[in-house]
Each structure stands twice: as structure tokens, then as C-alpha cells.
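First the structure, in the form of C-alpha cells, and then the observations on it.
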Amino acid sequence: MSTLLRQETIRAGDPFMARINAGQRVRLVDTEGNEAVDTFFFNAEDPRERYSAVDTVRRQRNVYLTTGTELVSNEDRTLLTIVDDTCGRHDTLGGACASESNTVRYAHDRKFMHSCRDNFLLALLNWNEDFSKRDLGPNINFFMNVPLSADGGLRFADGISGPGKYVELVAHMDVLILISNCPQLNNPCSGFNPTPVEFLLWDA
Amino acid sequence: MPSNAFLLEERIPAGCHHALLLKRGYALRLTDLSGDGNVGLLAFNADERSERYNMADTLKAQHTHKLALGNVLYSDMGRPLLSIMGDSFGWHDTICGTTNAAMIEATYGLNDFQLARNSYYRNGRDGFLMELGRWGLGRRDLVPNANFFSTVTVDDEGNIGLSESSYQPGAWVELRAELNVLVILSTAPHPLREGPAYPEGEIEAGVFWAGEVPASDLCRTACGENQRGFENAEAWFALPDGGPKA
């Protein structure tokens with residue numbers, strides 16, 4: 001019988017960071033549907049080891065994340081495994097939004113909108129000032145739909161998630177989870193209406 | 001671009017690492033002489049090296065997962081580092097990263113320095129680190145690299161595979177620097193390449209002067225996103241040493 005250790009609501013547009021120990025199980029719930037949850041992981045004991053999107057894709061020979069996907073580090077070790085997924089597919093190639101990329105993707109006047117990079121940097125620096133932008137890399141976008149096409153295309157499409165859909169992961173080592181509940185208002189990744197997500201942690 | 005016009009030229013054997021400082025307006029022409037080559041590439045703003053090539057920003061700004069003529073390699077700061085101003089190849093991989101020692105041994109067998117001296121089987125991760133270390137950079141800076149001369153296709157279910165069309169002897173690509181760029185290269189084999197024979201071909205790396213970017217430039221005009229990206233790059237140089245030009 002597993003014990004619920006922690007349950008928190010991450011408000012729309014907010015950062016979140018927590019430690020997850022080996023063997024613990026985490027669930028992220030898309031409470032209202034179509035909310036991109038930008039997520040990154042570090043080895044808690046050696047944060048130079050971090051989630052690697054390309055090693056995850058390369059090892060499973062597939063670009064989408066779902067039940068059974070091992071989230072692989074830059075040292076080619078498994079950080080966590082996705083053990084349950086009621087959404088079906090998650091992105092790891094679209095990265096996080098930032099002021100700078102917003103000026104490129106949309107318009108120069110979008111520079112001062114809130115972004116996942118702002119959340120990531122704030123959460124990291126509040127956690128430990130040894131962190132910096134250099135510690136970030138392409139993240140996971142849970143509940144976000146970024147289809148790739150056979151002719152080489154990539155686009156941000158309407159979400160395939162819905163209210164109450166969730167993803168569950170088990171940690172293989174002690175990790176830090178870094179989350180930005182995505183505030184993007186310029187594309188459909190959060191349905192043009194960012195909403196809260198739920199974080200739950202069990203001991204097993 | 002005739003090779004006799006190169007200002008700098010290097011031939012990089014398969015598996016090795018190399019770096020060069022490519023100032024704004026210069027271009028690097030890479031040629032896969034054997035057709036079996038792969039060039040892993042990382043790029044940094046040489047004036048502020050926390051700014052670096054960002055795979056995800058490059059892909060989503062240009063709605064692509066391949067790199068080809070007209071694409072640019074974006075930094076994480078909304079500026080193009082390198083523009084693909086010429087390309088005979090057509091589809092360069094962005095989503096597979098590089099190899100490590102265990103992957104190379106699993107694919108090609110154990111062939112380390114003690115056994116093989118300088119024909120030992122090198123891997124991309126170690127090569128990148130050995131080169132990054134020369135420039136004061138390290139593991140934190142080893143982000144997902146681009147892989148030139150390797151084509152990786154994706155099917156409707158998301159499954160990936162290395163395409164046979166990656167084998168193109170003499171294929172070349174020209175990368176023009178839009179900032180002052182530190183380019184880090186590894187010629188280790190692509191992570192999806194199959195064994196058992198470790199590649200042997202050389203990569204030719206030649207530098208030439210590409211000149212000012214005209215308003216009609218192919219990369220700049222490829223999409224509205226790139227127009228704004230080039231404007232961001234110009235803003236980086238908006239305060240020249242010694243004050244504004246008359």
C-alpha cells in the first residue's frame with residue numbers, strides 16, 4: 001500500500017521544483033485539459049547529469065513519450081520511467097517558450113510576456129544558485145501535441161489531452177523535477193487558456 | 001565555392017573532434033568526401049558563450065525537424081548562429097544526438113587506444129567534451145547537436161530510422177556565421193549508423209568569406225520567423241566598438 005507524500009496544485013503559469021527519490025512515484029494531472037507542462041529532470045546528487053531529449057528519442061527509436069518510455073540522461077542512464085499515461089503521447093522536441101524565441105516565433109512585441117524560461121530560471125536559482133541557464137536543455141512537454149511529419153515537418157497542434165488526464169512516472173534514481181506550468185498564450189499548446197495542474201507524489 | 005578560395009582548410013578524419021572560431025560573415029563549407037561521414041556540430045556565441053545552438057528553438061521556429069538549404073541554426077537567445085546558405089545534401093538530422101563509448105563498443109566492438117593506437121574507435125560524447133574543455137566549457141554545454149550528412153526520417157507513429165540516402169560521396173553544406181560563432185565539431189559516426197565497420201572517410205572543412213547578408217538572402221527571407229531572428233542578430237551588433245559609424 002503506497003502512501004501519498006505530497007499533493008500540490010501548480011497554478012497556471014507558475015514554476016515548481018521538488019525532489020523525487022528513487023522508487024517514488026509521481027503523477028501529473030492535466031486537471032482542466034490541454035495544459036502543456038514543461039518538465040525537466042536532474043540527477044539530485046550530480047545535477048550535471050540531466051534529462052536528455054535526444055538520448056531518450058535515440059534509445060527508444062521513437063520521438064513520442066508514453067507508457068514504457070524511459071527518460072534517459074545525458075549520461076545514457078534511466079532517470080525515470082513512464083508507468084501510466086491516460087493522454088497517450090507527449091512531446092520532447094518542442095522545448096520551452098522564452099521571451100527570445102517568442103520574438104522570433106510571433107512578434108517583437110511578445111518579448112515581455114511570461115514564459116517557461118522565466119519559470120525555469122527562477123525555480124532553479126531559488127533552489128540553488130549554482131544552477132544557471134547552462135544547466136537547461138530541451139525538456140519534456142507533457143500533454144502537448146507536436147506531430148512530426150514524414151516530409152520533415154514539425155508543428156504545434158491542438159492538444160490530444162483532456163480534463164483529468166494524467167501521466168505517472170517512477171524514479172530510478174534520486175532526481176529533481178523542474179516544472180513550468182506553461183503560460184504560453186500565442187499557440188494552442190495550452191489551448192490559449194493556461195490552467196492549473198496537480199502534482200502528486202507517493203512513496204512507491 | 002571553389003576549394004582553392006578557402007582561407008582556412010582542414011581535413012578531419014572520421015571520429016575526431018575539431019573547433020574553429022567563425023566570425024560573422026565567414027562561412028564554413030563541410031564536405032563529406034567518402035559519403036559515409038557524419039558531422040556532429042555544436043555552436044556558441046563566441047562573445048557570450050552561454051548562448052548556444054538550441055535544437056528545440058531551431059525546430060519550432062522553422063516548423064521542421066530536418067535542416068536544409070534556407071534553414072538557420074538558432075541559439076537559445078532568438079538569434080541565428082549559422083545559416084545554411086548552400087546545401088547539396090538536403091536533410092540533416094537534429095534529433096538523435098551523439099554516441100558515447102558504450103554505444104560505439106556495442107556497435108563496432110572494442111578497439112581502444114591500447115589496441116589500435118590512433119585508429120582507435122572514438123565516440124562523439126568524449127570528442128565533444130575534449131573540445132569543449134579547450135574553450136572553458138564542459139558537460140553543461142554539451143547540448144543536443146546537429147548531425148550533418150545523416151538523414152533521419154520519422155514515420156506516422158513516431159518511429160525513427162537512418163535513411164540510406166545519407167550515403168552521398170562529395171555532399172557539401174555551407175554554414176554562414178550570423179554572430180561570432182565558436183563551432184565545435186565531432187566526426188564520430190551517427191548514433192543510428194550500423195556496424196560492424198567503423199567509418200574511415202574524411203571531412204573537408206574550408207572557411208571562406210561570405211560577405212554581408214543582403215535583404216533578399218534566402219535564409220533571411222525563408223519565413224517571418226527568420227526575418228525577426230536576423231533582426232535580433234543585428235541588434236546584438238547595434239553598439240559597435242568606438243561608437244556608431246558615421
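Naming scheme: A, B, ... for chains in displayed order of the C-alpha cells; residues 1 onward per chain; ligands 1 onward as shown.
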**Request:** Tell me which protein, DNA and RNA residues are within 12 Å of Glu75 of chain A, counting only C-alpha atoms, leaving out same-chain ones fewer than 2 positions away, and put them as a ChimeraX atom specification.
**Result:** /A:42-43,46-56,71-73,77-79 /B:97-103,125-126,139-140,142-143
**Message:** If we count only C-alpha atoms and set the cut-off at 10 Å, which residues sit around Gly195 of chain B, ignoring sequence neighbours fewer than 6 positions away in its own chain? Please answer as a list in words.
**Reply:** Ile104, Glu105, Ala106, Thr107, Tyr108, Gly109 and Pro189 of chain B
**Asked** In terms of the shortest atom-to-atom distance over only C-alpha atoms, which of A:Cys87, A:Leu121, A:Ala36, A:Ala98 is closest to Ile160 of chain A?
**Response** A:Cys87
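Backbone DSSP assigns strand (DSSP E) in segment 60-162 of chain A to A:Glu70, A:Leu71, A:Val72, A:Thr78, A:Leu79, A:Leu80, A:Thr81, A:Ile82, A:Val83, A:Asp84, A:Asp85, A:Ile140, A:Asn141, A:Phe142.
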Expected file contents, prior selection, N, CA and C atoms, as a short mmCIF file (atom, residue, chain, number, x, y, z; two decimals), in the first residue's frame:
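File produced: again.cif:
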```
data_model
loop_
_atom_site.label_atom_id
_atom_site.label_comp_id
_atom_site.auth_asym_id
_atom_site.auth_seq_id
_atom_site.Cartn_x
_atom_site.Cartn_y
_atom_site.Cartn_z
N GLU A 70 11.48 5.21 -21.24
CA GLU A 70 12.49 5.51 -20.23
C GLU A 70 13.04 6.90 -20.52
N LEU A 71 13.00 7.77 -19.52
CA LEU A 71 13.56 9.11 -19.67
C LEU A 71 15.05 9.02 -19.38
N VAL A 72 15.84 9.28 -20.40
CA VAL A 72 17.28 8.99 -20.37
C VAL A 72 18.06 10.27 -20.13
N THR A 78 18.91 5.75 -17.13
CA THR A 78 17.49 6.00 -16.97
C THR A 78 17.23 6.79 -15.69
N LEU A 79 16.59 7.94 -15.85
CA LEU A 79 16.24 8.78 -14.70
C LEU A 79 14.91 8.31 -14.11
N LEU A 80 13.92 8.18 -14.99
CA LEU A 80 12.57 7.75 -14.59
C LEU A 80 11.97 6.96 -15.74
N THR A 81 10.90 6.22 -15.44
CA THR A 81 10.14 5.54 -16.48
C THR A 81 8.68 6.00 -16.39
N ILE A 82 8.07 6.21 -17.55
CA ILE A 82 6.63 6.50 -17.57
C ILE A 82 5.89 5.18 -17.39
N VAL A 83 5.10 5.07 -16.31
CA VAL A 83 4.44 3.80 -16.00
C VAL A 83 2.94 3.84 -16.27
N ASP A 84 2.38 5.02 -16.45
CA ASP A 84 0.95 5.12 -16.78
C ASP A 84 0.74 6.43 -17.52
N ASP A 85 -0.22 6.41 -18.45
CA ASP A 85 -0.41 7.58 -19.30
C ASP A 85 -1.81 7.51 -19.90
N ILE A 140 10.72 18.04 -21.55
CA ILE A 140 9.52 17.30 -21.92
C ILE A 140 8.34 18.26 -21.84
N ASN A 141 7.42 18.14 -22.78
CA ASN A 141 6.16 18.87 -22.70
C ASN A 141 5.04 17.86 -22.53
N PHE A 142 4.73 17.58 -21.27
CA PHE A 142 3.62 16.65 -21.02
C PHE A 142 2.32 17.27 -21.52
#
```
**Message:** Residues near Val57 of chain A, anyone? I mean within 12 Å using only C-alpha atoms, not counting same-chain ones fewer than 3 positions away, as a ChimeraX atom specification.
**Reply:** /A:51-54,60-66,69-74,76,90-93,138,140 /B:94-98,144,152,154,158-161,191-192
**Request:** Residues of chain A near chain B: apply a cut-off of 6 Å, count only C-alpha atoms, and supply the list as a ChimeraX atom specification.
**Result:** /A:54,58,61-63,93-95,100-101,104-105,134-135,150,152-155
**Prompt:** Pick from A:Arg117, A:Lys165, A:Lys133, A:Arg6: nearest to Thr39 of chain A, with only C-alpha atoms counted?
**Reply:** A:Arg117
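Taking the backbone of this structure through DSSP, the residues of segment 20-99 of chain A that come out as helix (DSSP H, G or I) are Ala53, Val54, Asp55, Thr56, Val57, Arg58, Arg59, Gln60 and Ser99 of chain A.
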The selected residues should be written to file as a PDB file, in the first residue's frame (atoms: C-alpha atoms).
```
ATOM      1  CA  ALA A  53      15.613  14.566 -25.125  1.00  0.00           C
ATOM      2  CA  VAL A  54      17.835  13.225 -27.902  1.00  0.00           C
ATOM      3  CA  ASP A  55      19.154  10.291 -25.873  1.00  0.00           C
ATOM      4  CA  THR A  56      15.583   9.415 -24.902  1.00  0.00           C
ATOM      5  CA  VAL A  57      14.478   9.525 -28.559  1.00  0.00           C
ATOM      6  CA  ARG A  58      17.561   7.678 -29.783  1.00  0.00           C
ATOM      7  CA  ARG A  59      17.309   4.872 -27.238  1.00  0.00           C
ATOM      8  CA  GLN A  60      13.616   4.114 -27.838  1.00  0.00           C
ATOM      9  CA  SER A  99      10.983  35.796 -24.353  1.00  0.00           C
TER      10      SER A  99
END
```
**Message:** Could you list, as an MDAnalysis selection string, every residue within 8 Å of segment 199-202 of chain A, counting only C-alpha atoms and ignoring same-chain residues fewer than 4 positions away?
**Reply:** chainID A and resid 2:10 20 24:29
**Request:** Pick out the residues sitting within 6 Å of segment 4-12 of chain B, and hand them over as a list in words; count only C-alpha atoms, and ignore anything fewer than 6 positions along from it in its own chain.
**Result:** Glu202, Ile203, Glu204, Ala205, Gly206, Val207 and Phe208 of chain B
**Prompt:** If we count only C-alpha atoms, what is near Gly170 of chain B at a cut-off of 8 Å, once residues fewer than 3 positions away on the same chain are taken out, given as a list in words?
**Reply:**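 Result of the neighbour search: Thr31, Asp32, Leu33, Ser34 and Gly35 of chain B.
Those residues that approach Pro214 of chain B to within 12 Å, counting only C-alpha atoms, are B:Gly25, B:Ala210, B:Leu218, B:Cys219, B:Arg220, B:Thr221, B:Gln227, B:Phe230; same-chain residues fewer than 4 positions away are not listed.
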**Prompt:** atom CA of Glu131 of chain B to atom CA of Ala171 of chain B: how many Å, to one decimal?
**Reply:** 24.9 Å
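Minimum atom-to-atom distance to Arg110 of chain A, evaluated using only C-alpha atoms, belongs to A:Cys97 out of A:Val146, A:Cys97, A:Gly13, A:Gly159.
Atom CA of Tyr26 of chain B lies 4.4 Å from atom CA of Trp209 of chain B.
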**atom CA of Pro244 of chain B to atom CA of Glu48 of chain B, distance in Å rounded to a single decimal** = 21.3 Å
